[in-house]
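Below: query17.cif (mmCIF, C-alpha atoms)
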```
data_target
#
loop_
_atom_site.group_PDB
_atom_site.id
_atom_site.type_symbol
_atom_site.label_atom_id
_atom_site.label_comp_id
_atom_site.auth_asym_id
_atom_site.auth_seq_id
_atom_site.Cartn_x
_atom_site.Cartn_y
_atom_site.Cartn_z
ATOM 1 C CA MET A 308 119.036 109.502 129.297
ATOM 2 C CA PRO A 309 117.743 110.580 125.840
ATOM 3 C CA GLN A 310 114.206 111.956 125.684
ATOM 4 C CA MET A 311 113.188 109.689 122.803
ATOM 5 C CA ILE A 312 114.161 106.456 121.066
ATOM 6 C CA THR A 313 114.180 106.376 117.269
ATOM 7 C CA ILE A 314 114.007 103.116 115.337
ATOM 8 C CA LEU A 315 114.770 103.422 111.645
ATOM 9 C CA GLY A 316 115.640 101.053 108.841
ATOM 10 C CA PRO A 317 114.756 100.042 105.299
ATOM 11 C CA THR A 318 111.448 98.517 104.330
ATOM 12 C CA ALA A 319 111.022 94.887 105.419
ATOM 13 C CA SER A 320 113.636 95.188 108.175
ATOM 14 C CA GLY A 321 111.162 94.572 111.005
ATOM 15 C CA LYS A 322 111.044 98.068 112.519
ATOM 16 C CA THR A 323 107.411 97.967 113.608
ATOM 17 C CA PRO A 324 107.449 94.723 115.628
ATOM 18 C CA LEU A 325 110.683 95.856 117.274
ATOM 19 C CA ALA A 326 109.166 99.224 118.220
ATOM 20 C CA ALA A 327 106.077 97.479 119.573
ATOM 21 C CA ALA A 328 108.157 95.044 121.643
ATOM 22 C CA LEU A 329 110.205 97.928 123.025
ATOM 23 C CA ALA A 330 107.080 99.942 123.825
ATOM 24 C CA TYR A 331 105.710 96.906 125.663
ATOM 25 C CA GLU A 332 108.819 96.739 127.826
ATOM 26 C CA ILE A 333 109.040 100.422 128.761
ATOM 27 C CA GLY A 334 105.415 101.566 128.517
ATOM 28 C CA GLY A 335 106.224 103.761 125.537
ATOM 29 C CA GLU A 336 104.086 105.178 122.739
ATOM 30 C CA ILE A 337 104.944 105.001 119.051
ATOM 31 C CA ILE A 338 105.099 107.984 116.697
ATOM 32 C CA SER A 339 105.049 106.826 113.084
ATOM 33 C CA ALA A 340 107.610 108.266 110.664
ATOM 34 C CA ASP A 341 106.045 106.948 107.475
ATOM 35 C CA SER A 342 104.950 109.361 104.762
ATOM 36 C CA ARG A 343 102.121 107.128 103.509
ATOM 37 C CA GLN A 344 100.697 105.516 106.638
ATOM 38 C CA VAL A 345 99.073 108.830 107.470
ATOM 39 C CA TYR A 346 96.324 107.979 104.943
ATOM 40 C CA ARG A 347 93.145 106.212 105.977
ATOM 41 C CA ARG A 348 92.077 103.079 104.080
ATOM 42 C CA MET A 349 95.534 102.759 102.561
ATOM 43 C CA ASP A 350 96.488 99.825 104.734
ATOM 44 C CA ILE A 351 97.893 96.893 102.778
ATOM 45 C CA GLY A 352 99.814 98.991 100.270
ATOM 46 C CA THR A 353 101.462 101.134 102.937
ATOM 47 C CA GLY A 354 102.358 98.108 105.050
ATOM 48 C CA LYS A 355 100.646 99.199 108.250
ATOM 49 C CA ASP A 356 100.792 95.543 109.295
ATOM 50 C CA LEU A 357 98.863 96.087 112.496
ATOM 51 C CA ASP A 358 99.354 92.418 113.406
ATOM 52 C CA ASP A 359 102.996 93.323 114.030
ATOM 53 C CA TYR A 360 101.879 95.049 117.219
ATOM 54 C CA THR A 361 101.144 91.739 118.928
ATOM 55 C CA VAL A 362 104.078 91.202 121.273
ATOM 56 C CA GLN A 363 105.252 88.152 123.243
ATOM 57 C CA GLY A 364 101.822 86.531 123.064
ATOM 58 C CA ALA A 365 100.302 89.377 125.060
ATOM 59 C CA GLY A 366 97.394 89.405 122.622
ATOM 60 C CA PHE A 367 97.113 93.151 122.234
ATOM 61 C CA LYS A 368 96.870 95.018 118.978
ATOM 62 C CA VAL A 369 96.874 98.627 117.850
ATOM 63 C CA GLN A 370 93.453 100.125 117.308
ATOM 64 C CA GLY A 371 91.899 103.513 116.734
ATOM 65 C CA SER A 372 93.796 106.623 115.773
ATOM 66 C CA HIS A 373 96.236 109.025 117.325
ATOM 67 C CA GLN A 374 93.383 110.895 118.954
ATOM 68 C CA LEU A 375 92.480 107.949 121.189
ATOM 69 C CA ALA A 376 93.788 108.061 124.733
ATOM 70 C CA HIS A 377 94.993 104.939 126.513
ATOM 71 C CA GLU A 378 96.599 104.404 129.858
ATOM 72 C CA PRO A 379 100.329 103.641 129.873
ATOM 73 C CA LEU A 380 101.101 99.943 129.610
ATOM 74 C CA THR A 381 101.385 97.767 132.668
ATOM 75 C CA MET A 382 103.124 94.420 132.728
ATOM 76 C CA ASN A 383 100.411 91.788 133.062
ATOM 77 C CA SER A 384 98.863 88.963 131.085
ATOM 78 C CA GLU A 385 95.779 90.905 130.006
ATOM 79 C CA PRO A 386 95.440 92.101 126.404
ATOM 80 C CA LEU A 387 97.209 95.425 126.130
ATOM 81 C CA THR A 388 96.960 98.272 123.634
ATOM 82 C CA ILE A 389 99.925 100.346 122.566
ATOM 83 C CA ARG A 390 99.007 103.886 121.683
ATOM 84 C CA TYR A 391 100.284 105.120 118.339
ATOM 85 C CA HIS A 392 100.384 108.502 116.634
ATOM 86 C CA LEU A 393 100.330 109.851 113.057
ATOM 87 C CA ILE A 394 98.690 106.850 111.420
ATOM 88 C CA ASP A 395 95.289 107.236 109.714
ATOM 89 C CA ILE A 396 95.109 111.004 110.201
ATOM 90 C CA CYS A 397 94.105 112.232 106.720
ATOM 91 C CA GLU A 398 92.092 111.214 103.681
ATOM 92 C CA PRO A 399 93.477 109.573 100.524
ATOM 93 C CA GLY A 400 93.863 112.015 97.672
ATOM 94 C CA THR A 401 95.276 114.761 99.892
ATOM 95 C CA LYS A 402 98.918 115.811 99.740
ATOM 96 C CA TYR A 403 100.381 115.392 103.213
ATOM 97 C CA ASN A 404 103.840 116.939 103.399
ATOM 98 C CA LEU A 405 106.895 117.534 105.552
ATOM 99 C CA PHE A 406 105.613 120.827 106.965
ATOM 100 C CA GLN A 407 102.422 119.171 108.190
ATOM 101 C CA TYR A 408 104.366 116.217 109.550
ATOM 102 C CA GLN A 409 106.614 118.448 111.629
ATOM 103 C CA GLN A 410 103.637 120.177 113.208
ATOM 104 C CA ASP A 411 101.881 116.874 113.912
ATOM 105 C CA PHE A 412 105.058 115.270 115.252
ATOM 106 C CA PHE A 413 105.730 118.027 117.772
ATOM 107 C CA ASP A 414 102.118 118.013 118.941
ATOM 108 C CA ALA A 415 102.325 114.260 119.561
ATOM 109 C CA TYR A 416 105.829 114.443 121.033
ATOM 110 C CA GLN A 417 104.952 117.181 123.519
ATOM 111 C CA ASP A 418 101.751 115.392 124.518
ATOM 112 C CA ILE A 419 103.604 112.135 125.191
ATOM 113 C CA ARG A 420 106.391 113.822 127.129
ATOM 114 C CA SER A 421 103.914 115.842 129.205
ATOM 115 C CA ARG A 422 102.488 112.572 130.529
ATOM 116 C CA GLY A 423 105.900 111.216 131.491
ATOM 117 C CA VAL A 424 105.855 108.583 128.725
ATOM 118 C CA VAL A 425 108.760 107.729 126.415
ATOM 119 C CA PRO A 426 108.136 108.491 122.722
ATOM 120 C CA ILE A 427 109.409 105.905 120.220
ATOM 121 C CA LEU A 428 109.773 107.337 116.714
ATOM 122 C CA CYS A 429 109.561 104.502 114.191
ATOM 123 C CA GLY A 430 109.663 104.520 110.416
ATOM 124 C CA GLY A 431 111.575 104.510 107.187
ATOM 125 C CA THR A 432 111.000 108.011 105.794
ATOM 126 C CA GLY A 433 114.454 109.407 106.428
ATOM 127 C CA LEU A 434 113.511 112.955 105.484
ATOM 128 C CA TYR A 435 110.792 113.074 108.139
ATOM 129 C CA ILE A 436 113.063 111.570 110.785
ATOM 130 C CA GLU A 437 115.987 113.869 110.092
ATOM 131 C CA ALA A 438 113.836 116.993 109.948
ATOM 132 C CA VAL A 439 112.262 116.461 113.371
ATOM 133 C CA LEU A 440 115.472 115.320 115.045
ATOM 134 C CA LYS A 441 117.299 118.410 113.786
ATOM 135 C CA GLY A 442 114.423 120.657 114.745
ATOM 136 C CA TYR A 443 113.874 122.322 111.401
ATOM 137 C CA LYS A 444 110.629 124.174 110.962
ATOM 138 C CA LEU A 445 109.682 124.923 107.364
ATOM 139 C CA SER A 446 107.117 127.305 105.974
ATOM 140 C CA PRO A 447 104.234 125.956 103.884
ATOM 141 C CA VAL A 448 104.737 126.433 100.142
ATOM 142 C CA PRO A 449 101.707 127.252 97.968
ATOM 143 C CA GLN A 450 101.086 125.590 94.624
ATOM 144 C CA ASN A 451 102.424 127.394 91.549
ATOM 145 C CA GLN A 452 100.122 126.575 88.643
ATOM 146 C CA GLU A 453 102.205 128.518 86.120
ATOM 147 C CA LEU A 454 105.332 126.581 87.044
ATOM 148 C CA ARG A 455 103.419 123.293 86.934
ATOM 149 C CA GLN A 456 102.252 124.044 83.402
ATOM 150 C CA GLN A 457 105.817 124.806 82.353
ATOM 151 C CA LEU A 458 107.031 121.481 83.756
ATOM 152 C CA GLU A 459 104.204 119.409 82.306
ATOM 153 C CA GLY A 460 105.454 116.843 79.808
ATOM 154 C CA LYS A 461 109.033 116.705 81.074
ATOM 155 C CA THR A 462 110.473 113.296 81.887
ATOM 156 C CA LEU A 463 111.322 112.182 85.409
ATOM 157 C CA ALA A 464 115.028 112.297 84.516
ATOM 158 C CA GLU A 465 114.708 115.905 83.344
ATOM 159 C CA LEU A 466 112.770 116.900 86.452
ATOM 160 C CA THR A 467 115.291 115.166 88.726
ATOM 161 C CA GLN A 468 118.142 117.115 87.113
ATOM 162 C CA MET A 469 116.233 120.374 87.512
ATOM 163 C CA LEU A 470 115.657 119.578 91.184
ATOM 164 C CA SER A 471 119.348 118.828 91.663
ATOM 165 C CA ASP A 472 120.294 122.161 90.074
ATOM 166 C CA LEU A 473 117.854 124.060 92.297
ATOM 167 C CA LYS A 474 119.105 122.328 95.434
ATOM 168 C CA SER A 475 122.666 123.355 94.585
ATOM 169 C CA LYS A 476 121.472 126.988 94.518
ATOM 170 C CA THR A 477 119.428 126.856 97.723
ATOM 171 C CA GLY A 478 121.867 124.645 99.633
ATOM 172 C CA SER A 479 118.973 122.392 100.557
ATOM 173 C CA ASN A 480 119.222 118.767 101.609
ATOM 174 C CA MET A 481 115.594 118.589 102.643
ATOM 175 C CA HIS A 482 114.242 116.516 99.791
ATOM 176 C CA ASN A 483 114.349 112.777 100.003
ATOM 177 C CA LYS A 484 115.096 110.940 96.765
ATOM 178 C CA THR A 485 113.139 107.987 98.075
ATOM 179 C CA ASP A 486 109.978 110.041 97.645
ATOM 180 C CA VAL A 487 110.733 111.475 94.195
ATOM 181 C CA ASP A 488 109.673 108.422 92.218
ATOM 182 C CA SER A 489 107.075 110.039 89.971
ATOM 183 C CA CYS A 490 106.871 113.185 87.858
ATOM 184 C CA GLN A 491 104.165 114.588 90.122
ATOM 185 C CA ARG A 492 106.321 114.248 93.224
ATOM 186 C CA ALA A 493 109.358 115.684 91.435
ATOM 187 C CA ILE A 494 107.325 118.695 90.269
ATOM 188 C CA ARG A 495 106.188 119.353 93.851
ATOM 189 C CA ALA A 496 109.801 119.174 95.061
ATOM 190 C CA ILE A 497 110.851 121.637 92.334
ATOM 191 C CA GLU A 498 107.958 123.879 93.328
ATOM 192 C CA ILE A 499 109.194 123.971 96.919
ATOM 193 C CA GLU A 500 112.829 124.631 95.999
ATOM 194 C CA ASN A 501 111.823 127.308 93.492
ATOM 195 C CA TYR A 502 109.695 129.042 96.140
ATOM 196 C CA ASN A 503 112.553 128.965 98.641
ATOM 197 C CA LEU A 504 114.896 130.447 96.027
ATOM 198 C CA GLU A 505 112.502 133.294 95.201
ATOM 199 C CA HIS A 506 111.343 133.917 98.774
ATOM 200 C CA PRO A 507 114.399 133.495 101.011
ATOM 201 C CA VAL A 508 113.442 133.565 104.660
ATOM 202 C CA PRO A 509 115.532 132.873 107.753
ATOM 203 C CA ARG A 510 115.163 129.255 108.795
ATOM 204 C CA ARG A 511 113.349 129.037 112.089
ATOM 205 C CA GLU A 512 114.508 126.216 114.325
ATOM 206 C CA LEU A 513 112.643 124.267 116.935
ATOM 207 C CA PRO A 514 114.739 122.653 119.650
ATOM 208 C CA PRO A 515 116.378 119.484 118.329
ATOM 209 C CA VAL A 516 115.150 116.268 119.887
ATOM 210 C CA ASP A 517 117.618 114.317 121.992
ATOM 211 C CA SER A 518 117.108 110.760 120.773
ATOM 212 C CA LEU A 519 118.857 107.440 120.902
ATOM 213 C CA ILE A 520 118.847 106.318 117.265
ATOM 214 C CA ILE A 521 118.644 102.607 116.507
ATOM 215 C CA GLY A 522 119.140 101.353 112.961
ATOM 216 C CA VAL A 523 117.766 97.931 112.032
ATOM 217 C CA ASP A 524 120.353 96.383 109.743
ATOM 218 C CA ILE A 525 119.189 93.534 107.531
ATOM 219 C CA ASP A 526 121.408 91.585 105.164
ATOM 220 C CA ARG A 527 120.799 92.559 101.530
ATOM 221 C CA GLU A 528 119.832 89.075 100.400
ATOM 222 C CA ALA A 529 117.580 88.514 103.403
ATOM 223 C CA ARG A 530 115.939 91.865 102.735
ATOM 224 C CA ARG A 531 115.349 91.039 99.075
ATOM 225 C CA GLU A 532 113.839 87.662 99.948
ATOM 226 C CA LYS A 533 111.552 89.221 102.551
ATOM 227 C CA ILE A 534 110.440 91.999 100.184
ATOM 228 C CA THR A 535 109.455 89.480 97.496
ATOM 229 C CA ARG A 536 107.668 87.217 99.967
ATOM 230 C CA ARG A 537 105.827 90.147 101.529
ATOM 231 C CA LEU A 538 104.764 91.532 98.160
ATOM 232 C CA LYS A 539 103.240 88.199 97.172
ATOM 233 C CA ALA A 540 101.428 88.009 100.511
ATOM 234 C CA ARG A 541 100.016 91.513 100.222
ATOM 235 C CA LEU A 542 98.688 90.842 96.744
ATOM 236 C CA GLU A 543 97.026 87.698 98.070
ATOM 237 C CA GLU A 544 95.596 89.648 101.012
ATOM 238 C CA GLY A 545 93.738 92.036 98.712
ATOM 239 C CA MET A 546 96.057 94.906 97.837
ATOM 240 C CA ILE A 547 94.553 95.174 94.345
ATOM 241 C CA ASP A 548 91.040 95.324 95.806
ATOM 242 C CA GLU A 549 92.195 98.004 98.224
ATOM 243 C CA VAL A 550 93.444 100.204 95.373
ATOM 244 C CA ARG A 551 90.358 99.476 93.268
ATOM 245 C CA GLY A 552 88.169 100.512 96.202
ATOM 246 C CA LEU A 553 89.993 103.849 96.454
ATOM 247 C CA LEU A 554 89.453 104.440 92.734
ATOM 248 C CA ASP A 555 85.783 103.544 93.145
ATOM 249 C CA GLU A 556 85.521 106.218 95.857
ATOM 250 C CA GLY A 557 86.362 108.748 93.178
ATOM 251 C CA ILE A 558 90.016 109.314 94.018
ATOM 252 C CA PRO A 559 91.729 110.147 90.683
ATOM 253 C CA ALA A 560 94.227 107.599 89.405
ATOM 254 C CA GLU A 561 96.912 110.270 89.167
ATOM 255 C CA ASP A 562 96.522 110.990 92.878
ATOM 256 C CA LEU A 563 97.120 107.346 93.765
ATOM 257 C CA ILE A 564 100.056 107.180 91.356
ATOM 258 C CA TYR A 565 101.479 110.185 93.234
ATOM 259 C CA TYR A 566 101.879 108.034 96.347
ATOM 260 C CA GLY A 567 104.326 105.798 94.489
ATOM 261 C CA LEU A 568 105.340 102.142 94.777
ATOM 262 C CA GLU A 569 102.333 99.856 95.396
ATOM 263 C CA TYR A 570 99.751 102.528 94.607
ATOM 264 C CA LYS A 571 101.529 103.634 91.465
ATOM 265 C CA PHE A 572 102.028 100.212 89.908
ATOM 266 C CA VAL A 573 98.760 98.618 91.043
ATOM 267 C CA THR A 574 96.793 101.616 89.768
ATOM 268 C CA GLU A 575 98.501 101.357 86.391
ATOM 269 C CA TYR A 576 97.539 97.676 86.284
ATOM 270 C CA ILE A 577 93.915 98.366 87.208
ATOM 271 C CA VAL A 578 93.496 101.059 84.541
ATOM 272 C CA GLY A 579 94.971 98.707 81.935
ATOM 273 C CA LYS A 580 98.404 100.219 81.378
ATOM 274 C CA THR A 581 100.234 97.021 82.340
ATOM 275 C CA THR A 582 99.593 93.308 82.726
ATOM 276 C CA TYR A 583 99.621 91.603 86.127
ATOM 277 C CA ASP A 584 103.046 90.061 85.511
ATOM 278 C CA GLU A 585 104.481 93.388 84.353
ATOM 279 C CA MET A 586 103.023 95.088 87.407
ATOM 280 C CA PHE A 587 104.510 92.521 89.768
ATOM 281 C CA THR A 588 107.976 92.603 88.195
ATOM 282 C CA ARG A 589 108.201 96.394 88.020
ATOM 283 C CA LEU A 590 106.854 96.825 91.555
ATOM 284 C CA GLU A 591 109.237 94.260 92.989
ATOM 285 C CA ILE A 592 112.200 96.019 91.374
ATOM 286 C CA ALA A 593 110.959 99.415 92.565
ATOM 287 C CA ILE A 594 110.659 98.251 96.179
ATOM 288 C CA HIS A 595 114.181 96.808 96.093
ATOM 289 C CA GLN A 596 115.457 100.120 94.735
ATOM 290 C CA PHE A 597 113.457 102.007 97.358
ATOM 291 C CA ALA A 598 115.049 100.009 100.187
ATOM 292 C CA LYS A 599 118.494 100.700 98.763
ATOM 293 C CA ARG A 600 117.791 104.444 98.628
ATOM 294 C CA GLN A 601 116.519 104.374 102.195
ATOM 295 C CA MET A 602 119.850 102.934 103.335
ATOM 296 C CA THR A 603 121.688 105.586 101.319
ATOM 297 C CA TRP A 604 119.746 108.272 103.187
ATOM 298 C CA PHE A 605 120.476 106.738 106.594
ATOM 299 C CA ARG A 606 124.191 106.478 105.793
ATOM 300 C CA GLY A 607 124.005 110.114 104.765
ATOM 301 C CA MET A 608 122.537 110.967 108.146
ATOM 302 C CA GLU A 609 125.624 109.460 109.746
ATOM 303 C CA ARG A 610 127.841 111.629 107.560
ATOM 304 C CA ARG A 611 125.770 114.623 108.647
ATOM 305 C CA GLY A 612 126.564 113.976 112.294
ATOM 306 C CA PHE A 613 123.926 111.543 113.554
ATOM 307 C CA THR A 614 125.048 108.551 115.606
ATOM 308 C CA ILE A 615 123.063 105.469 114.574
ATOM 309 C CA HIS A 616 123.488 102.287 116.587
ATOM 310 C CA TRP A 617 122.959 99.446 114.111
ATOM 311 C CA ILE A 618 121.580 96.139 115.348
ATOM 312 C CA ASP A 619 121.140 92.907 113.441
ATOM 313 C CA ALA A 620 117.558 92.461 112.261
ATOM 314 C CA LEU A 621 117.898 88.680 112.366
ATOM 315 C CA GLN A 622 118.650 88.505 116.094
ATOM 316 C CA PRO A 623 115.925 87.131 118.388
ATOM 317 C CA MET A 624 113.499 89.863 119.425
ATOM 318 C CA ASP A 625 114.408 89.620 123.122
ATOM 319 C CA ASP A 626 118.078 90.164 122.303
ATOM 320 C CA LYS A 627 117.316 93.223 120.190
ATOM 321 C CA VAL A 628 115.180 94.774 122.909
ATOM 322 C CA LYS A 629 117.822 94.078 125.567
ATOM 323 C CA GLU A 630 120.494 95.667 123.357
ATOM 324 C CA ILE A 631 118.396 98.812 122.918
ATOM 325 C CA LEU A 632 117.629 99.048 126.644
ATOM 326 C CA LYS A 633 121.324 98.709 127.483
ATOM 327 C CA LEU A 634 122.173 101.580 125.103
ATOM 328 C CA TRP A 635 119.299 103.699 126.374
ATOM 329 C CA GLN A 636 119.968 103.227 130.064
ATOM 330 C CA GLY A 637 123.704 103.572 129.561
#
```

Is it possible to express this structure as structure tokens?
Amino acid sequence: MPQMITILGPTASGKTPLAAALAYEIGGEIISADSRQVYRRMDIGTGKDLDDYTVQGAGFKVQGSHQLAHEPLTMNSEPLTIRYHLIDICEPGTKYNLFQYQQDFFDAYQDIRSRGVVPILCGGTGLYIEAVLKGYKLSPVPQNQELRQQLEGKTLAELTQMLSDLKSKTGSNMHNKTDVDSCQRAIRAIEIENYNLEHPVPRRELPPVDSLIIGVDIDREARREKITRRLKARLEEGMIDEVRGLLDEGIPAEDLIYYGLEYKFVTEYIVGKTTYDEMFTRLEIAIHQFAKRQMTWFRGMERRGFTIHWIDALQPMDDKVKEILKLWQG
């Protein structure tokens, strides 16, 4: 039986409620694989959707942070709390990265396993998922101010081409195009590849994680409809106020733009670069493109040797959970 269950899929595919329902059934704990949900007070824009953790009318919800300890779940009618990891672990404005994620993942993974509990890795950041499943351990890369000054003013297209050229020299596949959606992110990726080219070191490997991998497959049109509906709901729920509050805390606009998608486009609207309608249209398109790139990454994982068991997102929840349990126990 695999040591872990991984649930991956594009945005708006319903990964989180499925992971929560599965955790309810087996007494598991969830490790998030989302590159933006690590940030505190970035809730609506990152889609933490904590209400998704209410399962089968049990009335429980996720609370606290990964440091909180809870007893494993028991099957009863009382409100229950599923423990989760790697959500709300750092402050907005910081630059959380793959190296840090790997360290945090293995700390959480080993803790969960040591207590005889099943870890459920859940998220849509394919780079994070692939890196921990393969067992890669990277070295931290310092900032290179001279290089950053040289790259300042280049377009995203130019930076993307430079990154592609560097990756061909280093043989790297460890940068996720889904995250390179701003010049600042592209420059950081170039910085990392340039460092690896100039400072070649043997790649140290941690043991790969034996995991059953479940892919949540949602029809393209259904996904597009859900993305649009969810975006409207999040704007109504206060996503603009959330971003404005972060700016009021003193977090620079460029730092929020760095996080991409909702934070990029809403920040540009707040500072007066776009109108509301322009913001909505551009953000909607960007999220659709993001979901498409996520699927491209997951299909690439299959080509790189991962077996992903795809299940229909539109099935009833009970059927999806039963299908996963059959694969896991089999």

Next on the checklist: Can you spell out as a PyMOL selection string the set of residues that the PyMOL selection byres ((chain A and resi 527) around 12) selects in the structure I just provided?
Outcome noted: chain A and resi 317-320+524-526+528-534+595-596+598-599+602+619-621

With 9 Å as the cut-off and all atoms listed in the file counted, what is the closest atom pair between each nearby residue of range 331-351 of chain A and range 403-410 of chain A? Distances in Å to one decimal, ordered by chain and number, as a tab-separated table.
```
residue	atom	partner	partner_atom	distance
A:Ala340	CA	A:Tyr408	CA	8.7
A:Ser342	CA	A:Tyr403	CA	7.7
A:Arg343	CA	A:Tyr403	CA	8.5
A:Val345	CA	A:Tyr403	CA	7.9
A:Tyr346	CA	A:Tyr403	CA	8.6
```

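CA of Ile312 in chain A to CA of Val424 in chain A spans 11.5 Å [interatomic distance, one decimal].
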
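Interatomic distance, CA of Trp617 in chain A to CA of Gly522 in chain A: 4.4 Å.
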
Can you list, as a PDB file with C-alpha atoms, in the coordinates of the input, the residues that the PyMOL selection byres ((chain A and resi 564) around 10) selects here?
```pdb
ATOM      1  CA  ASP A 488     109.673 108.422  92.218  1.00  0.00           C
ATOM      2  CA  SER A 489     107.075 110.039  89.971  1.00  0.00           C
ATOM      3  CA  CYS A 490     106.871 113.185  87.858  1.00  0.00           C
ATOM      4  CA  GLN A 491     104.165 114.588  90.122  1.00  0.00           C
ATOM      5  CA  ARG A 492     106.321 114.248  93.224  1.00  0.00           C
ATOM      6  CA  PRO A 559      91.729 110.147  90.683  1.00  0.00           C
ATOM      7  CA  ALA A 560      94.227 107.599  89.405  1.00  0.00           C
ATOM      8  CA  GLU A 561      96.912 110.270  89.167  1.00  0.00           C
ATOM      9  CA  ASP A 562      96.522 110.990  92.878  1.00  0.00           C
ATOM     10  CA  LEU A 563      97.120 107.346  93.765  1.00  0.00           C
ATOM     11  CA  TYR A 565     101.479 110.185  93.234  1.00  0.00           C
ATOM     12  CA  TYR A 566     101.879 108.034  96.347  1.00  0.00           C
ATOM     13  CA  GLY A 567     104.326 105.798  94.489  1.00  0.00           C
ATOM     14  CA  LEU A 568     105.340 102.142  94.777  1.00  0.00           C
ATOM     15  CA  GLU A 569     102.333  99.856  95.396  1.00  0.00           C
ATOM     16  CA  TYR A 570      99.751 102.528  94.607  1.00  0.00           C
ATOM     17  CA  LYS A 571     101.529 103.634  91.465  1.00  0.00           C
ATOM     18  CA  PHE A 572     102.028 100.212  89.908  1.00  0.00           C
ATOM     19  CA  VAL A 573      98.760  98.618  91.043  1.00  0.00           C
ATOM     20  CA  THR A 574      96.793 101.616  89.768  1.00  0.00           C
ATOM     21  CA  GLU A 575      98.501 101.357  86.391  1.00  0.00           C
TER      22      GLU A 575
END
```

Checklist entry - Which polymer residues, protein or nucleic acid, are no farther than 8 Å from (112.0, 101.2, 118.2), counting only C-alpha atoms, as a PyMOL selection string? => result chain A and resi 312-315+322-323+325-327+329-330+427-429+521

With all atoms of range 326-341 of chain A from the file as input, state the centre and edge lengths in Å to one decimal of the axis-aligned box that has 3 Å extra on each side, as AutoDock Vina command-line options.
```
--center_x 107.1 --center_y 101.7 --center_z 118.1 --size_x 12.1 --size_y 19.2 --size_z 27.3
```

Item to check | Contacts of Gly354 in chain A within 9 Å, all atoms listed in the file, excl. fewer than 4 positions in-chain, as a list in words | outcome: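 The residues satisfying every condition are Gln344, Met349, Asp350 and Arg541 of chain A.
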
Please write the residues from the selection above to a file, keeping C-alpha atoms, as an mmCIF file, in the coordinates of the input.
```
data_model
loop_
_atom_site.group_PDB
_atom_site.id
_atom_site.type_symbol
_atom_site.label_atom_id
_atom_site.label_comp_id
_atom_site.auth_asym_id
_atom_site.auth_seq_id
_atom_site.Cartn_x
_atom_site.Cartn_y
_atom_site.Cartn_z
ATOM 1 C CA GLN A 344 100.697 105.516 106.638
ATOM 2 C CA MET A 349 95.534 102.759 102.561
ATOM 3 C CA ASP A 350 96.488 99.825 104.734
ATOM 4 C CA ARG A 541 100.016 91.513 100.222
#
```

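Nearest residue to Lys476 in chain A among A:Ala493, A:Val628, A:Leu504, A:Leu542 is A:Leu504, counting only C-alpha atoms.
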
Item to check | Output of the PyMOL selection byres ((chain A and resi 635) around 10), listed as number ranges by chain | outcome: A: 308-312, 518-521, 629-634, 636-637

Now that the selection is made, can you save its residues with C-alpha atoms as an mmCIF file, in the coordinates of the input?
```
data_model
loop_
_atom_site.group_PDB
_atom_site.id
_atom_site.type_symbol
_atom_site.label_atom_id
_atom_site.label_comp_id
_atom_site.auth_asym_id
_atom_site.auth_seq_id
_atom_site.Cartn_x
_atom_site.Cartn_y
_atom_site.Cartn_z
ATOM 1 C CA MET A 308 119.036 109.502 129.297
ATOM 2 C CA PRO A 309 117.743 110.580 125.840
ATOM 3 C CA GLN A 310 114.206 111.956 125.684
ATOM 4 C CA MET A 311 113.188 109.689 122.803
ATOM 5 C CA ILE A 312 114.161 106.456 121.066
ATOM 6 C CA SER A 518 117.108 110.760 120.773
ATOM 7 C CA LEU A 519 118.857 107.440 120.902
ATOM 8 C CA ILE A 520 118.847 106.318 117.265
ATOM 9 C CA ILE A 521 118.644 102.607 116.507
ATOM 10 C CA LYS A 629 117.822 94.078 125.567
ATOM 11 C CA GLU A 630 120.494 95.667 123.357
ATOM 12 C CA ILE A 631 118.396 98.812 122.918
ATOM 13 C CA LEU A 632 117.629 99.048 126.644
ATOM 14 C CA LYS A 633 121.324 98.709 127.483
ATOM 15 C CA LEU A 634 122.173 101.580 125.103
ATOM 16 C CA GLN A 636 119.968 103.227 130.064
ATOM 17 C CA GLY A 637 123.704 103.572 129.561
#
```

Item to check | Nearest-residue call for Leu357 in chain A, choices A:Phe613, A:Glu465, A:Ile389, A:Tyr331, using all atoms listed in the file | outcome: A:Ile389

Item to check | Proximity to Val362 in chain A - best of A:Ile558, A:Met624, A:Leu473, A:Leu434, only C-alpha atoms | outcome: A:Met624

Next on the checklist: Report, in Å with one decimal, the straight-line distance from CA of Phe605 in chain A to CA of Gly316 in chain A.
Outcome noted: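 One can read the CA of Phe605 in chain A to CA of Gly316 in chain A distance as 7.8 Å.
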
Checklist entry - From the set A:Tyr391, A:Asp517, A:Thr467, A:Gln622, which residue has the shortest atom-to-atom contact distance to Gly442 in chain A, counting all atoms listed in the file? => result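 The answer is A:Asp517, which sits nearest to Gly442 in chain A.
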
Checklist entry - For Arg551 in chain A, which residue among A:Ala328, A:Arg348, A:Asn501, A:Tyr443 is the nearest when counting all atoms listed in the file? => result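 For Arg551 in chain A, the nearest of the candidates is A:Arg348.
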
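Minimum atom-to-atom distances from A:Asp358, A:Glu505, A:Asp395, A:Asp414 to Asp341 in chain A were compared using only C-alpha atoms, and the lowest value belongs to A:Asp395.
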